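Notes follow the structure.
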Amino acid sequence: MSSIWWSGLLVLGLVSTACADQLLMIRSGLSFPEAMLALQNAITTRGYKVTHVQNVDIGLTKIGYQTDNYKVVFYGKAEEIAQLTAKHPELIPYLPLNVAIFAERDNTILVTDRPGVLADFFPDPELKSVFTRWEKDLTEIVNEVQEAR
């Protein structure tokens with residue numbers, strides 16, 4: 001029984017490590033409104049447009065969860081997304097790109113999927129360069145929010 005328990009623990013550890021590698025997460029000392037503004041500014045200064053802000057906190061509160069602020073910011077470049085999805089409709093579920101942002105005590109957390117991971121699922125060399133660029137931009141975006149004062 002003991003070896004089964006340890007094997008299960010090892011598998012759980014490997015799975016959580018693999019999942020963590022697929023995420024980009026930062027903690028900001030900014031208040032939620034300040035971090036939200038910094039996020040939107042960082043997105044637009046890199047040529048992207050915020051396409052939608054989903055108020056997740058409202059839905060969570062309605063089903064009994066206590067949360068202050070929890071939103072998902074969707075963003076992209078409309079022409080680029082239209083061209084990519086016309087040529088590669090299998091990308092539609094992954095677009096537009098998004099960042100979850102939520103308050104946690106005195107901090108604000110930003111979490112998102114790493115776009116570079118999509119290259120594992122869509123090995124087209126043309127797409128890989130797009131995914132790599134998106135991940136570079138996204139890393140700069142969240143780092144800008146983390147470093148904002």
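Just remember, in the structure tokens the first chain shown is A, the second B, etc., residues are 1-based per chain, and ligands are 1-based in the order shown.
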
Pick out the residues sitting within 12 Å of Asp113 of chain A, and hand them over as a compact mmCIF listing (two decimals) with all heavy atoms, in the first residue's frame; count only C-alpha atoms, and ignore anything fewer than 6 positions along from it in its own chain.
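Wrote out_11.txt, looks like this:
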```txt
# COMPACT_ATOMS: atom_id res chain seq x y z
N CYS A 19 1.39 21.35 -15.26
CA CYS A 19 0.37 22.39 -15.35
C CYS A 19 0.96 23.75 -15.04
O CYS A 19 0.64 24.73 -15.70
CB CYS A 19 -0.79 22.08 -14.41
SG CYS A 19 -1.75 20.65 -14.90
N ALA A 20 1.83 23.83 -14.06
CA ALA A 20 2.44 25.10 -13.68
C ALA A 20 3.29 25.64 -14.82
O ALA A 20 3.37 26.84 -15.02
CB ALA A 20 3.27 24.94 -12.42
N ASP A 21 3.94 24.76 -15.57
CA ASP A 21 4.76 25.19 -16.70
C ASP A 21 3.93 25.80 -17.81
O ASP A 21 4.45 26.50 -18.66
CB ASP A 21 5.57 24.02 -17.26
CG ASP A 21 6.68 23.58 -16.32
OD1 ASP A 21 7.00 24.33 -15.38
OD2 ASP A 21 7.21 22.48 -16.53
N GLN A 22 2.64 25.53 -17.82
CA GLN A 22 1.77 26.04 -18.86
C GLN A 22 1.18 27.40 -18.49
O GLN A 22 0.56 28.04 -19.32
CB GLN A 22 0.64 25.05 -19.14
CG GLN A 22 1.14 23.74 -19.70
CD GLN A 22 0.04 22.72 -19.83
OE1 GLN A 22 -1.13 23.00 -19.59
NE2 GLN A 22 0.41 21.51 -20.21
N LEU A 23 1.41 27.84 -17.27
CA LEU A 23 0.83 29.09 -16.80
C LEU A 23 1.90 30.15 -16.58
O LEU A 23 3.04 29.84 -16.27
CB LEU A 23 0.09 28.88 -15.48
CG LEU A 23 -1.12 27.96 -15.51
CD1 LEU A 23 -1.68 27.79 -14.10
CD2 LEU A 23 -2.19 28.49 -16.44
N LEU A 24 1.48 31.37 -16.72
CA LEU A 24 2.31 32.51 -16.38
C LEU A 24 1.54 33.26 -15.30
O LEU A 24 0.39 33.64 -15.50
CB LEU A 24 2.50 33.38 -17.63
CG LEU A 24 3.38 34.60 -17.53
CD1 LEU A 24 4.79 34.22 -17.07
CD2 LEU A 24 3.46 35.29 -18.88
N MET A 25 2.17 33.42 -14.13
CA MET A 25 1.47 34.04 -13.01
C MET A 25 2.40 35.04 -12.33
O MET A 25 3.57 34.75 -12.11
CB MET A 25 1.05 32.98 -12.00
CG MET A 25 0.28 33.54 -10.83
SD MET A 25 -0.42 32.26 -9.79
CE MET A 25 0.83 32.16 -8.53
N TYR A 94 -9.04 29.18 -28.63
CA TYR A 94 -7.95 29.76 -27.84
C TYR A 94 -7.83 31.28 -27.98
O TYR A 94 -6.93 31.87 -27.38
CB TYR A 94 -6.62 29.10 -28.25
CG TYR A 94 -6.67 27.61 -28.09
CD1 TYR A 94 -6.92 26.78 -29.18
CD2 TYR A 94 -6.50 27.01 -26.85
CE1 TYR A 94 -7.00 25.40 -29.03
CE2 TYR A 94 -6.57 25.64 -26.68
CZ TYR A 94 -6.82 24.84 -27.79
OH TYR A 94 -6.90 23.49 -27.64
N LEU A 95 -8.71 31.85 -28.77
CA LEU A 95 -8.62 33.29 -29.05
C LEU A 95 -9.91 33.99 -28.71
O LEU A 95 -10.98 33.39 -28.81
CB LEU A 95 -8.26 33.50 -30.53
CG LEU A 95 -6.93 32.88 -30.94
CD1 LEU A 95 -6.74 32.98 -32.44
CD2 LEU A 95 -5.77 33.55 -30.20
N PRO A 96 -9.89 35.26 -28.34
CA PRO A 96 -8.69 36.07 -28.16
C PRO A 96 -7.91 35.63 -26.92
O PRO A 96 -8.41 34.88 -26.08
CB PRO A 96 -9.24 37.48 -28.00
CG PRO A 96 -10.62 37.31 -27.49
CD PRO A 96 -11.11 36.00 -28.05
N LEU A 97 -6.70 36.10 -26.83
CA LEU A 97 -5.86 35.82 -25.67
C LEU A 97 -6.52 36.45 -24.44
O LEU A 97 -7.34 37.35 -24.56
CB LEU A 97 -4.47 36.41 -25.89
CG LEU A 97 -3.72 35.86 -27.12
CD1 LEU A 97 -2.49 36.70 -27.41
CD2 LEU A 97 -3.36 34.40 -26.92
N ASN A 98 -6.16 35.96 -23.26
CA ASN A 98 -6.79 36.51 -22.05
C ASN A 98 -5.88 36.40 -20.84
O ASN A 98 -4.97 35.58 -20.81
CB ASN A 98 -8.13 35.82 -21.79
CG ASN A 98 -7.95 34.35 -21.54
OD1 ASN A 98 -7.56 33.96 -20.45
ND2 ASN A 98 -8.24 33.52 -22.54
N VAL A 99 -6.17 37.25 -19.87
CA VAL A 99 -5.48 37.26 -18.58
C VAL A 99 -6.54 37.35 -17.49
O VAL A 99 -7.39 38.23 -17.53
CB VAL A 99 -4.53 38.48 -18.46
CG1 VAL A 99 -3.88 38.52 -17.09
CG2 VAL A 99 -3.48 38.48 -19.56
N ALA A 100 -6.47 36.43 -16.54
CA ALA A 100 -7.33 36.51 -15.36
C ALA A 100 -6.63 37.41 -14.35
O ALA A 100 -5.42 37.32 -14.15
CB ALA A 100 -7.57 35.13 -14.77
N PHE A 131 3.00 32.19 -31.88
CA PHE A 131 2.87 31.84 -30.46
C PHE A 131 4.05 32.36 -29.65
O PHE A 131 3.88 32.85 -28.52
CB PHE A 131 2.76 30.33 -30.28
CG PHE A 131 1.58 29.69 -30.97
CD1 PHE A 131 1.67 28.39 -31.45
CD2 PHE A 131 0.38 30.37 -31.17
CE1 PHE A 131 0.60 27.79 -32.08
CE2 PHE A 131 -0.69 29.78 -31.81
CZ PHE A 131 -0.58 28.48 -32.26
N TRP A 134 3.59 36.10 -29.23
CA TRP A 134 2.55 36.37 -28.24
C TRP A 134 3.07 36.16 -26.83
O TRP A 134 2.78 36.93 -25.93
CB TRP A 134 1.34 35.47 -28.48
CG TRP A 134 0.49 35.84 -29.64
CD1 TRP A 134 0.52 36.99 -30.38
CD2 TRP A 134 -0.55 35.04 -30.19
NE1 TRP A 134 -0.45 36.94 -31.36
CE2 TRP A 134 -1.11 35.75 -31.28
CE3 TRP A 134 -1.07 33.78 -29.90
CZ2 TRP A 134 -2.16 35.27 -32.04
CZ3 TRP A 134 -2.11 33.28 -30.66
CH2 TRP A 134 -2.66 34.03 -31.72
N GLU A 135 3.83 35.08 -26.63
CA GLU A 135 4.33 34.80 -25.29
C GLU A 135 5.33 35.86 -24.85
O GLU A 135 5.32 36.29 -23.69
CB GLU A 135 4.97 33.41 -25.21
CG GLU A 135 5.37 33.08 -23.80
CD GLU A 135 5.53 31.61 -23.54
OE1 GLU A 135 4.84 30.79 -24.18
OE2 GLU A 135 6.34 31.29 -22.68
N LEU A 138 3.25 38.88 -23.96
CA LEU A 138 2.50 38.63 -22.74
C LEU A 138 3.41 38.68 -21.51
O LEU A 138 3.05 39.25 -20.48
CB LEU A 138 1.80 37.28 -22.82
CG LEU A 138 0.96 36.88 -21.61
CD1 LEU A 138 -0.12 37.92 -21.31
CD2 LEU A 138 0.33 35.51 -21.85
N THR A 139 4.60 38.13 -21.63
CA THR A 139 5.57 38.19 -20.53
C THR A 139 5.91 39.64 -20.21
O THR A 139 5.97 40.03 -19.04
CB THR A 139 6.83 37.39 -20.89
OG1 THR A 139 6.45 36.03 -21.14
CG2 THR A 139 7.85 37.42 -19.77
N VAL A 142 2.76 41.28 -18.36
CA VAL A 142 2.58 40.96 -16.94
C VAL A 142 3.75 41.47 -16.11
O VAL A 142 3.56 41.88 -14.96
CB VAL A 142 2.30 39.45 -16.68
CG1 VAL A 142 1.00 39.03 -17.34
CG2 VAL A 142 3.44 38.57 -17.09
```

Practice prompt. Could you give me the residues within chain A that DSSP places in strand (DSSP E), as a VMD selection string?
Written response: chain A and resid 23 to 28 49 to 55 70 to 76 97 to 104 107 to 113

Write a file of the just-selected residues containing N, CA and C atoms, as a short mmCIF file (atom, residue, chain, number, x, y, z; two decimals), in the first residue's frame.
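Result file is selection.cif:
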```cif
data_model
loop_
_atom_site.label_atom_id
_atom_site.label_comp_id
_atom_site.auth_asym_id
_atom_site.auth_seq_id
_atom_site.Cartn_x
_atom_site.Cartn_y
_atom_site.Cartn_z
N LEU A 23 1.41 27.84 -17.27
CA LEU A 23 0.83 29.09 -16.80
C LEU A 23 1.90 30.15 -16.58
N LEU A 24 1.48 31.37 -16.72
CA LEU A 24 2.31 32.51 -16.38
C LEU A 24 1.54 33.26 -15.30
N MET A 25 2.17 33.42 -14.13
CA MET A 25 1.47 34.04 -13.01
C MET A 25 2.40 35.04 -12.33
N ILE A 26 1.84 36.21 -12.00
CA ILE A 26 2.61 37.20 -11.25
C ILE A 26 1.73 37.75 -10.13
N ARG A 27 2.40 38.27 -9.13
CA ARG A 27 1.74 38.93 -8.00
C ARG A 27 2.17 40.39 -8.03
N SER A 28 1.22 41.28 -7.98
CA SER A 28 1.49 42.71 -7.99
C SER A 28 1.09 43.31 -6.65
N LYS A 49 -5.57 45.23 -28.58
CA LYS A 49 -6.77 45.93 -28.14
C LYS A 49 -7.51 45.06 -27.12
N VAL A 50 -7.92 45.67 -26.03
CA VAL A 50 -8.77 44.96 -25.07
C VAL A 50 -10.13 44.81 -25.73
N THR A 51 -10.56 43.55 -25.92
CA THR A 51 -11.81 43.30 -26.63
C THR A 51 -13.00 43.08 -25.70
N HIS A 52 -12.72 42.65 -24.48
CA HIS A 52 -13.82 42.37 -23.54
C HIS A 52 -13.24 42.20 -22.14
N VAL A 53 -13.98 42.64 -21.15
CA VAL A 53 -13.63 42.38 -19.75
C VAL A 53 -14.81 41.64 -19.14
N GLN A 54 -14.57 40.41 -18.74
CA GLN A 54 -15.63 39.60 -18.16
C GLN A 54 -15.58 39.69 -16.64
N ASN A 55 -16.70 40.04 -16.04
CA ASN A 55 -16.81 40.18 -14.59
C ASN A 55 -17.12 38.82 -13.96
N TYR A 70 -12.58 39.88 -9.46
CA TYR A 70 -12.08 38.78 -10.29
C TYR A 70 -12.61 39.02 -11.69
N LYS A 71 -11.70 39.29 -12.61
CA LYS A 71 -12.10 39.58 -13.98
C LYS A 71 -11.19 38.84 -14.94
N VAL A 72 -11.65 38.67 -16.17
CA VAL A 72 -10.83 38.13 -17.24
C VAL A 72 -10.79 39.18 -18.34
N VAL A 73 -9.58 39.58 -18.70
CA VAL A 73 -9.37 40.59 -19.73
C VAL A 73 -9.00 39.86 -21.02
N PHE A 74 -9.84 40.01 -22.04
CA PHE A 74 -9.59 39.41 -23.34
C PHE A 74 -8.97 40.47 -24.24
N TYR A 75 -7.98 40.07 -25.03
CA TYR A 75 -7.31 41.04 -25.89
C TYR A 75 -6.75 40.36 -27.14
N GLY A 76 -6.45 41.17 -28.13
CA GLY A 76 -5.85 40.65 -29.35
C GLY A 76 -5.73 41.74 -30.39
N LEU A 97 -6.70 36.10 -26.83
CA LEU A 97 -5.86 35.82 -25.67
C LEU A 97 -6.52 36.45 -24.44
N ASN A 98 -6.16 35.96 -23.26
CA ASN A 98 -6.79 36.51 -22.05
C ASN A 98 -5.88 36.40 -20.84
N VAL A 99 -6.17 37.25 -19.87
CA VAL A 99 -5.48 37.26 -18.58
C VAL A 99 -6.54 37.35 -17.49
N ALA A 100 -6.47 36.43 -16.54
CA ALA A 100 -7.33 36.51 -15.36
C ALA A 100 -6.63 37.41 -14.35
N ILE A 101 -7.39 38.30 -13.72
CA ILE A 101 -6.84 39.21 -12.73
C ILE A 101 -7.79 39.21 -11.53
N PHE A 102 -7.21 39.02 -10.34
CA PHE A 102 -8.07 38.98 -9.16
C PHE A 102 -7.33 39.50 -7.94
N ALA A 103 -8.12 40.00 -7.01
CA ALA A 103 -7.57 40.54 -5.76
C ALA A 103 -7.37 39.40 -4.78
N GLU A 104 -6.27 39.50 -4.05
CA GLU A 104 -5.99 38.55 -2.97
C GLU A 104 -5.35 39.34 -1.83
N ASN A 107 -2.78 42.21 -2.41
CA ASN A 107 -2.12 42.02 -3.69
C ASN A 107 -3.13 41.80 -4.80
N THR A 108 -2.64 41.87 -6.01
CA THR A 108 -3.43 41.51 -7.18
C THR A 108 -2.65 40.46 -7.94
N ILE A 109 -3.33 39.40 -8.35
CA ILE A 109 -2.70 38.28 -9.05
C ILE A 109 -3.14 38.29 -10.50
N LEU A 110 -2.20 38.06 -11.40
CA LEU A 110 -2.50 37.89 -12.82
C LEU A 110 -2.08 36.48 -13.22
N VAL A 111 -2.98 35.77 -13.89
CA VAL A 111 -2.70 34.40 -14.33
C VAL A 111 -3.18 34.25 -15.77
N THR A 112 -2.37 33.56 -16.56
CA THR A 112 -2.75 33.30 -17.94
C THR A 112 -2.05 32.06 -18.47
N ASP A 113 -2.61 31.49 -19.51
CA ASP A 113 -1.94 30.40 -20.21
C ASP A 113 -0.78 30.96 -21.01
#
```

Worksheet item: How would you write, as an MDAnalysis selection string, the set of residues in chain A that DSSP gives as alpha helix (DSSP H)?
Response: chainID A and resid 2:21 32:45 56:62 78:87 118:121 125:147

Response to the item:
Expressed in Å, the length from atom CA of Gln146 of chain A to atom CA of Pro93 of chain A is 27.9 Å

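A straight line drawn from atom CA of Asp68 of chain A to atom CA of Arg149 of chain A is 21.4 Å long.
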
Practice prompt. Find the distance between atom CA of Lys77 of chain A and atom CA of Leu60 of chain A and write it in Å to one decimal.
Written response: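 Here the two named atoms are 29.3 Å from each other.
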
Worksheet item: Which is closer to Pro89 of chain A than all the others in A:Tyr48, A:Phe122, A:Val117, A:Thr67, using only C-alpha atoms?
Response: A:Phe122

Worksheet item: When distances are computed from only C-alpha atoms, which of A:Asp106, A:Leu118, A:Pro125, A:Glu144 shows the smallest separation from Gly29 of chain A?
Response: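 When distances to Gly29 of chain A are compared using only C-alpha atoms, the smallest one comes from A:Asp106.
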
Practice prompt. Using only C-alpha atoms, determine which residues lie at most 10 Å from Lys136 of chain A, disregarding the query and same-chain residues fewer than 6 positions distant; provide the list as a ChimeraX atom specification.
Written response: /A:114-116,130

Spatial neighbours of segment 35-39 of chain A, max dist 7 Å, only C-alpha atoms, sep filter under 3 positions, as a PDB file with N, CA and C atoms, in the first residue's frame:
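Final output, saved to out.pdb:
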```
ATOM      1  N   LEU A  30       0.127  46.294  -6.460  1.00  0.00           N
ATOM      2  CA  LEU A  30      -0.863  47.322  -6.765  1.00  0.00           C
ATOM      3  C   LEU A  30      -2.243  46.891  -6.281  1.00  0.00           C
ATOM      4  N   SER A  31      -3.068  47.872  -5.970  1.00  0.00           N
ATOM      5  CA  SER A  31      -4.465  47.560  -5.673  1.00  0.00           C
ATOM      6  C   SER A  31      -5.103  47.009  -6.953  1.00  0.00           C
ATOM      7  N   PHE A  32      -6.253  46.370  -6.807  1.00  0.00           N
ATOM      8  CA  PHE A  32      -6.910  45.796  -7.981  1.00  0.00           C
ATOM      9  C   PHE A  32      -7.177  46.849  -9.064  1.00  0.00           C
ATOM     10  N   ALA A  42      -0.651  48.260 -20.508  1.00  0.00           N
ATOM     11  CA  ALA A  42       0.444  47.434 -21.026  1.00  0.00           C
ATOM     12  C   ALA A  42       0.011  46.674 -22.283  1.00  0.00           C
ATOM     13  N   ILE A  43      -1.241  46.243 -22.306  1.00  0.00           N
ATOM     14  CA  ILE A  43      -1.771  45.540 -23.482  1.00  0.00           C
ATOM     15  C   ILE A  43      -1.810  46.484 -24.674  1.00  0.00           C
ATOM     16  N   THR A 108      -2.640  41.871  -6.012  1.00  0.00           N
ATOM     17  CA  THR A 108      -3.435  41.510  -7.178  1.00  0.00           C
ATOM     18  C   THR A 108      -2.647  40.457  -7.940  1.00  0.00           C
ATOM     19  N   ILE A 141       3.998  42.207 -20.806  1.00  0.00           N
ATOM     20  CA  ILE A 141       2.781  42.812 -20.253  1.00  0.00           C
ATOM     21  C   ILE A 141       2.670  42.544 -18.756  1.00  0.00           C
ATOM     22  N   VAL A 145       3.137  45.070 -15.296  1.00  0.00           N
ATOM     23  CA  VAL A 145       2.175  45.219 -14.200  1.00  0.00           C
ATOM     24  C   VAL A 145       2.846  44.912 -12.871  1.00  0.00           C
TER      25      VAL A 145
END
```

Do you know which residues are at most 12 Å from His88 of chain A counting only C-alpha atoms, after dropping those on the same chain fewer than 6 positions away, and could you put them as a compact mmCIF listing (two decimals) with N, CA and C atoms, in the first residue's frame?
```txt
# COMPACT_ATOMS: atom_id res chain seq x y z
N GLU A 80 -5.14 40.27 -37.13
CA GLU A 80 -4.30 39.08 -36.98
C GLU A 80 -5.15 37.86 -36.60
N ILE A 81 -6.06 38.04 -35.67
CA ILE A 81 -6.93 36.93 -35.25
C ILE A 81 -7.81 36.47 -36.40
N ALA A 82 -8.36 37.42 -37.16
CA ALA A 82 -9.21 37.06 -38.30
C ALA A 82 -8.43 36.26 -39.34
N TYR A 94 -9.04 29.18 -28.63
CA TYR A 94 -7.95 29.76 -27.84
C TYR A 94 -7.83 31.28 -27.98
N LEU A 95 -8.71 31.85 -28.77
CA LEU A 95 -8.62 33.29 -29.05
C LEU A 95 -9.91 33.99 -28.71
N PHE A 122 -0.13 22.65 -32.02
CA PHE A 122 -0.22 23.10 -33.41
C PHE A 122 1.21 23.31 -33.93
N PRO A 123 1.84 22.24 -34.44
CA PRO A 123 3.27 22.30 -34.77
C PRO A 123 3.64 23.05 -36.06
N ASP A 124 2.69 23.69 -36.70
CA ASP A 124 2.97 24.46 -37.92
C ASP A 124 4.03 25.53 -37.61
N GLU A 126 4.81 28.28 -39.03
CA GLU A 126 4.27 29.64 -39.12
C GLU A 126 3.58 30.02 -37.80
N LEU A 127 2.82 29.09 -37.25
CA LEU A 127 2.12 29.35 -35.99
C LEU A 127 3.09 29.46 -34.83
```
